[in-house]
Amino acid sequence: MRYEEMTGLVQARAQLPDRQSAERAVRATLETLAERIPDGLADHMAAQLPLEAAEPLRRVAASHEGSPEERTYRRDHGERFDLTGFAGRIAWRTEHTEEEALREAAAFFEVLDSAVDPELMEKLYGVLPNDIRELLPESRAEQNAPTERDSRSE
């Protein structure tokens, strides 16, 4: 998928007024996602996205600082925050409300789902907490929802 197509789809699905708003939403969501997921997963995702979309993922992953232990943890796990933190970070980056940020992120996830390999999306869904998974496309979220048996074993 080309970057122009990606931002155009996000613009339409999130009902944004212009391409620049869609680009801000894509960049803000990718930067926040890169903070939340393991660096290795961010790198794999960046490899499947257009250069303009890959840049925020790579930049955030490369910027992780701290002790060797902190860097190792982020490489393997990502930073821990919930849906409220996810929405707040996107809202801050786009200068929109948290409600608008969630709508834009959900639109982006729909587009991302068709832009990268299904196996990569499975890995992404596997590392996100349940509340952030609510932003996922409905069919994918249902496909990955724990079964009744799985929930009993937790």
# chains A, B, ... in the order shown; residues from 1 in each chain; ligands from 1
>>> closest_atom_pairs(of="segment 25-56 of chain A", to="segment 3-14 of chain A", cutoff="7 Å", atoms="only C-alpha atoms", output="CSV")
residue,atom,partner,partner_atom,distance
A:Pro50,CA,A:Tyr3,CA,5.6
A:Glu52,CA,A:Tyr3,CA,6.6
A:Ala53,CA,A:Tyr3,CA,6.9
>>> write_last_selection(atoms="N, CA, C and O atoms", output="mmCIF file, in the first residue's frame")
data_model
loop_
_atom_site.group_PDB
_atom_site.id
_atom_site.type_symbol
_atom_site.label_atom_id
_atom_site.label_comp_id
_atom_site.auth_asym_id
_atom_site.auth_seq_id
_atom_site.Cartn_x
_atom_site.Cartn_y
_atom_site.Cartn_z
ATOM 1 N N PRO A 50 4.927 1.787 4.007
ATOM 2 C CA PRO A 50 5.622 2.774 3.180
ATOM 3 C C PRO A 50 6.629 3.555 4.025
ATOM 4 O O PRO A 50 6.451 3.698 5.241
ATOM 5 N N GLU A 52 7.277 6.643 4.561
ATOM 6 C CA GLU A 52 6.763 7.743 5.384
ATOM 7 C C GLU A 52 6.065 7.246 6.643
ATOM 8 O O GLU A 52 6.079 7.923 7.670
ATOM 9 N N ALA A 53 5.438 6.085 6.570
ATOM 10 C CA ALA A 53 4.773 5.515 7.750
ATOM 11 C C ALA A 53 5.773 4.763 8.624
ATOM 12 O O ALA A 53 5.611 4.700 9.842
#
>>> closest_residue(among="A:Asp18, A:Glu110, A:Glu31, A:Asp117", to="Trp92 of chain A", atoms="only C-alpha atoms")
A:Glu31
>>> residues_around(residues="Ala28 of chain A", least_positions_apart="6", cutoff="12 Å", atoms="only C-alpha atoms", output="count of residues only")
25
>>> closest_residue(among="A:Asp39, A:Asp113, A:Glu98, A:Asp82", to="Pro137 of chain A", atoms="only C-alpha atoms")
A:Asp113
>>> closest_residue(among="A:Ala54, A:Val111, A:Met1, A:Leu124", to="Pro38 of chain A", atoms="only C-alpha atoms")
A:Leu124
>>> residues_around(residues="Ile132 of chain A", least_positions_apart="3", cutoff="7 Å", atoms="only C-alpha atoms", output="number ranges by chain")
A: 82-83, 128-129, 135
>>> closest_residue(among="A:Pro17, A:Ala25, A:Leu41, A:Leu30", to="Lys123 of chain A", atoms="only C-alpha atoms")
A:Leu41
>>> closest_residue(among="A:Met45, A:Leu120, A:Ala62, A:Leu33", to="Gly78 of chain A", atoms="only C-alpha atoms")
A:Leu33
>>> closest_residue(among="A:Ala115, A:Phe109, A:Arg19, A:Glu122", to="Glu134 of chain A", atoms="only C-alpha atoms")
A:Phe109
>>> select_by_dssp(residues="segment 69-138 of chain A", states="alpha helix (DSSP H)", output="PyMOL selection string")
chain A and resi 69-77+83-94+98-115+118-127+130-133+138
>>> atom_distance(atom1="atom CA of Thr97 of chain A", atom2="atom CA of Arg80 of chain A")
21.6 Å
>>> atom_distance(atom1="atom CA of Thr84 of chain A", atom2="atom CA of Leu51 of chain A")
28.8 Å
